[in-house]
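Next comes target_18.cif, a file with mmCIF, C-alpha atoms.
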```cif
data_run
loop_
_atom_site.label_atom_id
_atom_site.label_comp_id
_atom_site.auth_asym_id
_atom_site.auth_seq_id
_atom_site.Cartn_x
_atom_site.Cartn_y
_atom_site.Cartn_z
CA MET A 1 172.56 135.73 160.01
CA LYS A 2 171.81 139.35 159.18
CA SER A 3 169.52 139.04 156.19
CA ASN A 4 166.65 140.43 158.26
CA LYS A 5 168.46 143.64 159.19
CA ASN A 6 167.08 145.61 156.26
CA LEU A 7 164.57 147.26 158.61
CA SER A 8 166.78 150.35 158.26
CA GLU A 9 169.33 148.58 160.52
CA LEU A 10 166.97 149.28 163.40
CA SER A 11 167.70 152.92 164.07
CA ALA A 12 166.72 152.36 167.69
CA LEU A 13 169.97 150.49 168.30
CA SER A 14 171.88 153.73 168.02
CA GLY A 15 172.05 155.50 171.38
CA ARG A 16 169.71 153.02 173.08
CA ASN A 17 170.50 149.86 174.95
CA TRP A 18 169.35 147.51 172.17
CA SER A 19 171.49 144.79 170.67
CA TRP A 20 171.37 142.10 168.02
CA VAL A 21 171.37 138.65 169.57
CA LYS A 22 171.10 135.15 168.19
CA LEU A 23 167.73 133.61 168.82
CA GLY A 24 169.34 130.46 170.23
CA ASP A 25 171.15 132.55 172.87
CA VAL A 26 167.92 133.86 174.40
CA CYS A 27 165.35 131.17 173.54
CA GLU A 28 165.13 127.47 174.10
CA ILE A 29 164.32 126.04 170.66
CA ILE A 30 162.55 122.70 170.44
CA MET A 31 162.28 121.24 166.96
CA GLY A 32 159.18 119.08 166.51
CA GLN A 33 159.29 115.36 165.80
CA SER A 34 156.35 113.35 164.49
CA PRO A 35 155.45 110.35 166.65
CA PRO A 36 154.24 107.08 165.06
CA SER A 37 150.87 107.48 163.35
CA SER A 38 149.53 104.65 165.49
CA THR A 39 149.69 107.01 168.48
CA TYR A 40 147.38 109.63 166.85
CA ASN A 41 143.76 109.69 167.94
CA THR A 42 140.61 111.79 168.07
CA GLU A 43 139.45 110.41 171.42
CA LYS A 44 141.43 112.99 173.44
CA ILE A 45 143.92 110.39 174.65
CA GLY A 46 147.25 111.97 175.54
CA LEU A 47 148.32 115.50 174.58
CA PRO A 48 146.90 117.75 171.87
CA PHE A 49 148.98 117.17 168.73
CA PHE A 50 149.85 119.96 166.29
CA GLN A 51 151.61 119.26 163.00
CA GLY A 52 151.77 122.63 161.24
CA LYS A 53 149.99 125.73 160.06
CA ALA A 54 146.82 123.78 159.21
CA GLU A 55 145.86 123.89 162.90
CA PHE A 56 146.70 127.59 163.37
CA THR A 57 144.13 130.30 164.00
CA GLU A 58 144.82 133.98 164.68
CA PHE A 59 146.63 133.26 167.96
CA TYR A 60 146.08 129.76 169.35
CA PRO A 61 146.07 126.46 167.46
CA GLU A 62 142.88 124.44 167.11
CA VAL A 63 143.05 120.90 168.45
CA LYS A 64 142.05 118.28 165.87
CA LYS A 65 144.14 115.32 167.02
CA TRP A 66 145.77 113.97 170.16
CA CYS A 67 148.89 111.86 170.68
CA SER A 68 149.25 109.14 173.32
CA LYS A 69 153.06 108.93 173.08
CA PRO A 70 154.47 112.38 172.24
CA LYS A 71 158.12 112.75 171.33
CA LYS A 72 158.54 116.55 171.46
CA ILE A 73 156.48 118.74 173.77
CA ALA A 74 155.69 122.44 173.84
CA GLU A 75 154.67 124.12 177.08
CA PRO A 76 151.94 126.76 177.56
CA ASN A 77 153.02 130.18 176.20
CA ASP A 78 155.66 128.68 173.91
CA ILE A 79 155.72 130.28 170.47
CA LEU A 80 154.89 127.76 167.75
CA VAL A 81 156.60 128.42 164.42
CA SER A 82 155.81 126.63 161.16
CA VAL A 83 159.18 125.36 159.89
CA ARG A 84 157.95 123.33 156.89
CA ALA A 85 156.01 124.75 153.97
CA PRO A 86 154.64 127.23 154.58
CA VAL A 87 157.51 128.62 156.64
CA GLY A 88 157.16 131.45 159.16
CA SER A 89 153.57 131.35 160.41
CA THR A 90 153.19 131.59 164.18
CA ASN A 91 150.76 130.78 166.99
CA ILE A 92 151.06 130.55 170.77
CA ALA A 93 150.58 127.29 172.66
CA ASN A 94 147.78 127.79 175.17
CA GLN A 95 148.30 124.33 176.69
CA LYS A 96 150.89 121.61 176.95
CA CYS A 97 151.02 119.87 173.56
CA CYS A 98 152.90 117.52 171.25
CA ILE A 99 154.50 119.09 168.17
CA GLY A 100 155.26 117.31 164.90
CA ARG A 101 158.16 117.98 162.56
CA GLY A 102 156.30 120.81 160.83
CA LEU A 103 156.66 122.99 163.92
CA ALA A 104 159.28 124.35 166.27
CA SER A 105 158.67 125.69 169.76
CA LEU A 106 160.39 128.86 171.01
CA ARG A 107 160.52 129.19 174.80
CA TYR A 108 161.23 132.71 176.03
CA PRO A 109 159.57 133.06 179.46
CA ASP A 110 160.78 136.63 180.08
CA CYS A 111 158.46 138.24 177.49
CA ASN A 112 157.29 135.70 174.93
CA ARG A 113 155.00 138.15 173.12
CA PHE A 114 157.98 140.32 172.19
CA ILE A 115 159.49 137.43 170.22
CA PHE A 116 156.06 136.46 168.91
CA TYR A 117 155.34 139.90 167.45
CA TYR A 118 158.83 140.13 165.98
CA PHE A 119 158.24 136.84 164.17
CA ARG A 120 154.93 138.24 162.89
CA LEU A 121 156.92 141.13 161.42
CA ILE A 122 159.53 138.94 159.69
CA GLU A 123 157.23 136.13 158.52
CA ASN A 124 158.07 136.73 154.86
CA LYS A 125 161.77 136.92 155.68
CA LEU A 126 161.58 133.55 157.40
CA ASP A 127 159.95 132.08 154.32
CA GLU A 128 162.85 133.38 152.21
CA LEU A 129 165.28 131.57 154.51
CA GLY A 130 163.56 128.26 153.80
CA THR A 131 165.40 125.76 151.61
CA GLY A 132 164.47 122.54 149.84
CA THR A 133 163.51 121.30 146.40
CA THR A 134 160.18 119.61 147.10
CA PHE A 135 159.05 122.08 149.77
CA LYS A 136 160.67 124.79 151.84
CA ALA A 137 161.84 124.18 155.39
CA ILE A 138 164.08 125.92 157.91
CA SER A 139 166.47 124.01 160.11
CA SER A 140 167.35 124.17 163.78
CA LYS A 141 170.66 125.78 162.80
CA THR A 142 168.85 128.54 160.88
CA LEU A 143 166.61 129.31 163.82
CA ASN A 144 169.42 129.24 166.37
CA ASN A 145 171.54 131.64 164.29
CA LEU A 146 168.69 133.99 163.41
CA GLU A 147 169.56 137.44 164.77
CA ILE A 148 166.86 139.45 166.50
CA PRO A 149 166.85 142.96 168.01
CA LEU A 150 166.55 142.89 171.79
CA PRO A 151 166.03 145.86 174.13
CA PRO A 152 166.14 145.61 177.93
CA LEU A 153 163.32 143.57 179.44
CA PRO A 154 161.33 146.56 180.82
CA GLU A 155 161.27 148.09 177.33
CA GLN A 156 160.26 144.77 175.77
CA LYS A 157 157.22 144.72 178.03
CA LYS A 158 156.35 148.36 177.24
CA ILE A 159 156.62 147.66 173.51
CA VAL A 160 154.33 144.63 173.77
CA GLU A 161 151.85 146.66 175.82
CA LYS A 162 151.81 149.44 173.21
CA ILE A 163 151.50 147.00 170.29
CA GLU A 164 148.51 145.32 171.91
CA GLU A 165 146.90 148.65 172.76
CA LEU A 166 147.12 149.74 169.11
CA PHE A 167 146.12 146.32 167.82
CA SER A 168 143.06 146.34 170.07
CA SER A 169 141.81 149.55 168.44
CA LEU A 170 142.67 148.19 165.01
CA ASP A 171 140.90 144.90 165.72
CA SER A 172 137.79 146.78 166.76
CA GLY A 173 137.71 148.57 163.42
CA VAL A 174 138.38 145.35 161.50
CA ALA A 175 135.55 143.62 163.38
CA SER A 176 133.18 146.41 162.35
CA LEU A 177 134.25 146.09 158.72
CA LYS A 178 133.76 142.31 158.76
CA LYS A 179 130.33 142.77 160.33
CA ALA A 180 129.46 145.17 157.53
CA LYS A 181 130.54 142.54 154.97
CA GLU A 182 128.28 140.00 156.61
CA GLN A 183 125.39 142.46 156.49
CA ILE A 184 126.05 142.96 152.77
CA ARG A 185 125.90 139.19 152.26
CA LEU A 186 122.54 139.04 154.04
CA TYR A 187 121.32 142.02 152.03
CA ARG A 188 122.16 140.24 148.77
CA GLN A 189 120.16 137.24 149.92
CA SER A 190 117.19 139.40 150.85
CA VAL A 191 117.30 141.18 147.47
CA LEU A 192 116.92 137.84 145.68
CA ALA A 193 114.24 136.66 148.10
CA PHE A 194 112.21 139.79 147.38
CA ALA A 195 112.93 139.63 143.66
CA PHE A 196 111.50 136.15 143.14
CA SER A 197 108.44 136.80 145.25
CA GLY A 198 107.52 139.86 143.16
CA LYS A 199 108.19 142.27 146.02
CA LEU A 200 111.28 143.93 144.53
CA THR A 201 109.33 145.62 141.75
CA THR A 202 106.16 146.47 143.67
CA LYS A 203 105.39 149.82 145.25
CA ASN A 204 103.49 148.20 148.11
CA THR A 205 105.72 148.67 151.16
CA LYS A 206 103.09 147.69 153.72
CA ASP A 207 103.56 143.96 153.38
CA THR A 208 104.04 142.61 156.88
CA LYS A 209 105.15 139.10 155.99
CA LYS A 210 108.43 137.82 157.34
CA LEU A 211 111.33 137.72 154.91
CA SER A 212 111.33 133.92 154.92
CA GLU A 213 107.70 133.96 153.80
CA LEU A 214 108.54 136.23 150.89
CA SER A 215 110.79 133.63 149.30
CA ALA A 216 109.63 132.17 146.01
CA LEU A 217 110.17 128.78 147.62
CA SER A 218 107.07 129.35 149.76
CA GLY A 219 104.76 128.57 146.85
CA SER A 220 102.78 131.80 146.61
CA LEU A 221 103.30 133.97 143.53
CA PRO A 222 102.01 137.36 142.37
CA PRO A 223 99.15 137.46 139.82
CA GLY A 224 100.33 136.64 136.28
CA TRP A 225 103.24 134.48 137.47
CA LYS A 226 103.33 130.69 137.26
CA TRP A 227 105.52 127.82 138.35
CA VAL A 228 107.43 125.92 135.65
CA LYS A 229 110.00 123.15 135.70
CA LEU A 230 113.50 124.25 134.76
CA GLY A 231 113.51 121.63 131.99
CA GLU A 232 110.42 123.24 130.42
CA VAL A 233 112.21 126.53 129.74
CA CYS A 234 115.59 125.13 128.65
CA GLU A 235 116.94 124.06 125.29
CA SER A 236 119.57 121.83 126.91
CA ILE A 237 121.04 120.88 130.28
CA ASN A 238 124.39 119.10 129.99
CA PRO A 239 127.29 118.43 132.35
CA GLY A 240 130.80 119.16 131.14
CA PHE A 241 133.79 116.95 130.47
CA PRO A 242 136.58 115.56 132.67
CA SER A 243 139.77 117.53 132.46
CA GLY A 244 141.96 114.64 131.43
CA GLN A 245 145.27 116.33 131.94
CA HIS A 246 145.54 120.09 132.21
CA ASN A 247 148.57 121.25 130.28
CA ARG A 248 151.28 123.12 132.13
CA GLU A 249 151.99 125.53 129.30
CA ASN A 250 148.56 127.23 129.52
CA ILE A 251 147.90 126.21 125.94
CA GLY A 252 144.35 125.95 124.64
CA ILE A 253 141.34 127.43 126.39
CA PRO A 254 140.40 128.05 130.05
CA HIS A 255 138.67 125.07 131.67
CA ILE A 256 136.10 126.41 134.14
CA ARG A 257 135.89 124.38 137.35
CA PRO A 258 133.96 124.89 140.63
CA MET A 259 136.82 126.83 142.21
CA ASN A 260 136.52 129.40 139.42
CA ILE A 261 133.03 130.40 140.64
CA ASN A 262 132.94 132.29 143.93
CA PHE A 263 130.23 132.41 146.58
CA TYR A 264 128.58 135.36 144.86
CA GLY A 265 128.45 133.72 141.45
CA LYS A 266 131.32 135.71 139.98
CA ILE A 267 134.01 134.15 137.80
CA ASP A 268 137.56 134.10 139.16
CA LEU A 269 140.26 133.08 136.68
CA SER A 270 143.22 133.54 139.04
CA ASN A 271 143.76 129.77 139.31
CA VAL A 272 142.26 128.64 136.02
CA LYS A 273 143.63 125.58 134.20
CA TYR A 274 143.86 125.12 130.41
CA VAL A 275 142.85 122.30 128.08
CA HIS A 276 143.35 121.63 124.38
CA VAL A 277 140.58 123.08 122.22
CA LYS A 278 139.88 119.92 120.20
CA GLU A 279 138.87 117.95 123.31
CA TYR A 280 136.04 120.13 124.59
CA LYS A 281 132.87 121.92 123.63
CA LYS A 282 132.93 125.65 124.23
CA LEU A 283 130.60 127.89 126.21
CA ASP A 284 128.55 130.62 124.57
CA LYS A 285 127.58 134.05 125.84
CA GLY A 286 124.53 133.76 128.07
CA ASP A 287 125.09 130.11 128.98
CA ILE A 288 124.48 129.37 132.64
CA LEU A 289 127.05 127.31 134.54
CA PHE A 290 125.81 125.38 137.56
CA ASN A 291 128.16 123.69 140.04
CA ASN A 292 126.80 120.13 140.17
CA THR A 293 129.45 118.47 142.40
CA ASN A 294 131.04 119.96 145.49
CA SER A 295 130.87 119.99 149.27
CA PRO A 296 127.22 120.42 150.36
CA GLU A 297 127.78 124.04 151.44
CA LEU A 298 129.15 125.05 148.03
CA LEU A 299 126.94 122.91 145.82
CA GLY A 300 124.83 124.96 143.41
CA LYS A 301 127.03 127.99 142.83
CA THR A 302 125.82 129.51 139.58
CA THR A 303 127.20 132.02 137.10
CA ILE A 304 126.42 133.31 133.64
CA ILE A 305 128.96 133.37 130.83
CA PRO A 306 129.84 136.88 129.61
CA GLU A 307 130.55 137.82 126.01
CA ASN A 308 133.94 137.57 124.31
CA THR A 309 134.93 134.36 126.06
CA ASN A 310 136.39 131.13 124.74
CA TRP A 311 136.03 128.67 127.59
CA ALA A 312 135.37 124.98 128.26
CA TYR A 313 133.77 123.59 131.40
CA SER A 314 134.46 120.61 133.63
CA ASN A 315 132.25 117.64 134.46
CA HIS A 316 131.61 119.25 137.87
CA MET A 317 129.76 122.02 136.07
CA THR A 318 126.47 121.79 134.16
CA ARG A 319 125.73 124.08 131.22
CA ILE A 320 122.16 125.32 131.04
CA LYS A 321 120.90 126.85 127.79
CA VAL A 322 117.50 128.50 128.20
CA ASN A 323 114.82 129.24 125.63
CA ARG A 324 115.33 132.98 125.40
CA GLU A 325 111.95 133.51 123.76
CA ILE A 326 110.27 132.79 127.06
CA ILE A 327 112.86 133.33 129.78
CA SER A 328 115.96 135.42 130.50
CA SER A 329 119.29 133.68 131.18
CA LYS A 330 120.08 136.17 133.90
CA PHE A 331 116.67 135.66 135.51
CA VAL A 332 117.33 131.90 135.71
CA ALA A 333 120.94 132.35 136.92
CA TYR A 334 119.89 134.69 139.72
CA PHE A 335 117.10 132.35 140.75
CA LEU A 336 119.43 129.35 140.90
CA HIS A 337 121.83 131.38 143.00
CA HIS A 338 118.91 132.30 145.25
CA LEU A 339 118.29 128.58 145.75
CA PHE A 340 122.00 128.10 146.49
CA TRP A 341 122.00 130.81 149.15
CA SER A 342 118.77 129.40 150.60
CA GLY A 343 120.44 126.01 151.11
CA TYR A 344 118.03 124.29 148.71
CA PHE A 345 120.69 122.26 146.92
CA LYS A 346 122.42 121.32 150.17
CA ILE A 347 119.13 119.83 151.41
CA ASN A 348 118.27 118.05 148.16
CA CYS A 349 121.68 116.77 147.06
CA VAL A 350 122.85 113.18 146.73
CA ASN A 351 125.66 112.54 149.20
CA HIS A 352 128.80 110.63 148.21
CA VAL A 353 131.93 109.79 150.21
CA ASN A 354 133.66 113.16 149.97
CA GLN A 355 131.27 115.25 147.88
CA SER A 356 127.63 115.80 147.05
CA SER A 357 125.92 116.25 143.72
CA ILE A 358 122.84 117.46 141.85
CA ASN A 359 122.27 115.57 138.60
CA LYS A 360 120.76 116.61 135.30
CA ASP A 361 117.45 114.85 135.93
CA PHE A 362 116.94 116.70 139.20
CA LEU A 363 117.57 120.05 137.51
CA GLN A 364 115.16 119.25 134.69
CA ARG A 365 112.30 117.74 136.68
CA LYS A 366 112.55 118.91 140.30
CA VAL A 367 113.73 122.51 140.17
CA MET A 368 110.71 124.79 139.85
CA LEU A 369 111.01 128.42 138.75
CA PRO A 370 108.60 131.31 139.15
CA LEU A 371 107.85 132.62 135.64
CA PRO A 372 106.56 136.15 135.05
CA SER A 373 106.45 137.83 131.66
CA LEU A 374 109.69 138.61 129.83
CA THR A 375 109.09 142.30 130.47
CA LYS A 376 108.78 141.67 134.18
CA GLN A 377 111.86 139.43 134.14
CA THR A 378 113.90 142.21 132.53
CA GLN A 379 112.64 144.65 135.14
CA ILE A 380 113.49 142.28 138.00
CA VAL A 381 117.01 141.59 136.67
CA SER A 382 117.57 145.34 136.30
CA GLU A 383 116.52 145.96 139.92
CA ILE A 384 118.74 143.13 141.18
CA GLU A 385 121.78 144.40 139.29
CA LYS A 386 121.17 147.97 140.37
CA ARG A 387 121.26 146.96 144.03
CA PHE A 388 124.13 144.52 143.59
CA SER A 389 126.17 147.18 141.83
CA GLU A 390 125.72 149.52 144.78
CA VAL A 391 126.82 146.95 147.34
CA ASP A 392 129.67 145.79 145.06
CA ASN A 393 131.14 149.28 145.38
CA LEU A 394 130.58 149.27 149.12
CA GLU A 395 132.16 145.85 149.50
CA LYS A 396 135.14 146.95 147.42
CA ALA A 397 135.64 149.91 149.74
CA ILE A 398 135.43 147.61 152.78
CA ASP A 399 137.99 145.22 151.27
CA GLU A 400 140.33 148.14 150.59
CA SER A 401 139.95 149.25 154.20
CA LEU A 402 140.70 145.74 155.44
CA THR A 403 143.84 145.67 153.30
CA LYS A 404 144.89 149.05 154.71
CA ALA A 405 144.29 147.72 158.22
CA GLU A 406 146.72 144.85 157.61
CA THR A 407 149.25 147.30 156.16
CA LEU A 408 148.85 149.45 159.28
CA ARG A 409 149.35 146.36 161.44
CA GLN A 410 152.70 145.72 159.77
CA SER A 411 153.61 149.39 160.09
CA ILE A 412 152.94 149.25 163.83
CA LEU A 413 155.22 146.23 164.15
CA LYS A 414 157.92 147.84 162.05
CA HIS A 415 157.89 150.96 164.22
CA ALA A 416 157.88 148.85 167.35
CA PHE A 417 161.04 146.98 166.42
CA GLU A 418 162.77 150.12 165.23
CA GLY A 419 162.31 151.48 168.73
CA LYS A 420 159.90 154.21 167.57
CA LEU A 421 156.72 153.05 169.28
CA VAL A 422 157.55 153.86 172.91
#
```
Rewrite the coordinates I just gave you, this time as structure tokens.
Amino acid sequence: MKSNKNLSELSALSGRNWSWVKLGDVCEIIMGQSPPSSTYNTEKIGLPFFQGKAEFTEFYPEVKKWCSKPKKIAEPNDILVSVRAPVGSTNIANQKCCIGRGLASLRYPDCNRFIFYYFRLIENKLDELGTGTTFKAISSKTLNNLEIPLPPLPEQKKIVEKIEELFSSLDSGVASLKKAKEQIRLYRQSVLAFAFSGKLTTKNTKDTKKLSELSALSGSLPPGWKWVKLGEVCESINPGFPSGQHNRENIGIPHIRPMNINFYGKIDLSNVKYVHVKEYKKLDKGDILFNNTNSPELLGKTTIIPENTNWAYSNHMTRIKVNREIISSKFVAYFLHHLFWSGYFKINCVNHVNQSSINKDFLQRKVMLPLPSLTKQTQIVSEIEKRFSEVDNLEKAIDESLTKAETLRQSILKHAFEGKLV
């Protein structure tokens, strides 16, 4: 099978002692087989049991289940390959384990990381080799006949050493970028904490209180502010409507669900579903959408509806219309998101079997807002958005750098298996 040879036919093969070999000629390939479900357990009886990509991390799978009577076993340092949708993902077994039918084990004791990194390079190619109508899968025959480039063993080891040297430097840079993203997240939280304690718009920089004490949740407010119930400043608070059946033709209007609101309160329509217009009430510009049902960690995500939209909203979202003569929609939306980030809704939610919720009555009667003048609200919102705009640009630059890092990672692998790295 030579469909993966479009890496410029591996120029390294010319004049160097490389060759194309079938994977089955150099590796022992063990296709997984799922044991009876009665043998699964979480009491650590038997061997760790891996079923597919769901247990994979960056390198080593995470144990979630054990199996008392395994049928197919992978040994430490075997390469684990996902062979059922999704196809191509890899990890390395760091202990003896049972593998289900979603995995195959590749045993190449001479230099297992050489095969592992090559599979990381051709992950998308492996996915293309998958077949099936319901979901993709690759067979034992496909794996055995897969052709891979193989240099002499000493060169394999040098290539792996060089890959890991370069990846180590790259990983260090990626770790720094991810740390910077986390610092941005904390900065956003601190901006809102200062905003709703009146500290964001004051010139007094000598306040020595801890950040946690500056939160509006602490009870103390600046002069001229007062506490009000959310229901006292709203015209209406209403949950949305069940989806019924989303149409497959994307006919009608977007139906906003919890997954369309991200952690930062921004709207993401990449996976939006559509409903027929006649079945649902529409959202208006300035309406606030509050996520009323979700996992406890995500409960309370809040966003504000922009202009020029024509959207409906699900029963897992609550629409909040404020009285704009006394309070700003954006001021309320930012405050609710401040409560979300503070874990307020997680603490005060009603727990169900799989999800938690905040109902309309709780929003109306229990949620208290700090209320300054409209002029002060406008000033606070302006200061929040000024700071958020700055870190939005910084975060975008970080994300671009992270994307470039992954592109560089693939470039390193491509050069390695073209014989150009050492």
Take the PyMOL selection byres ((chain A and resi 321) around 9), apply it to the structure above, and return the hits as number ranges by chain.
A: 233-238, 286-288, 319-320, 322-324, 329
Polymer residues at most 10 Å from A:Asp110, all atoms listed in the file, same-chain spacing of 6 or more positions, as a count of residues only
6
Around the point (159.2, 121.8, 167.1) in the file's coordinates, collect all residues with an atom within 8 Å, using all atoms listed in the file, and return them as a compact mmCIF listing (two decimals) with C-alpha atoms, in the coordinates of the input.
```
# COMPACT_ATOMS: atom_id res chain seq x y z
CA ILE A 29 164.32 126.04 170.66
CA ILE A 30 162.55 122.70 170.44
CA MET A 31 162.28 121.24 166.96
CA GLY A 32 159.18 119.08 166.51
CA GLN A 33 159.29 115.36 165.80
CA LYS A 72 158.54 116.55 171.46
CA ILE A 73 156.48 118.74 173.77
CA ALA A 74 155.69 122.44 173.84
CA LEU A 80 154.89 127.76 167.75
CA VAL A 81 156.60 128.42 164.42
CA ILE A 99 154.50 119.09 168.17
CA GLY A 100 155.26 117.31 164.90
CA ARG A 101 158.16 117.98 162.56
CA GLY A 102 156.30 120.81 160.83
CA LEU A 103 156.66 122.99 163.92
CA ALA A 104 159.28 124.35 166.27
CA SER A 105 158.67 125.69 169.76
```
Tell me, in Å to one decimal, how far atom CA of A:Asn354 is from atom CA of A:Cys67.
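For atom CA of A:Asn354 relative to atom CA of A:Cys67, the distance reads 25.7 Å.
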Apply the PyMOL selection byres ((chain A and resi 184) around 12) to the structure shown and report the selected residues as number ranges by chain.
A: 177-183, 185-191, 264, 387-396, 398
Do a neighbour search on A:Met317 at 12 Å with only C-alpha atoms, toss out local chain neighbours closer than 4 positions, and write the hits as a count of residues only.
34
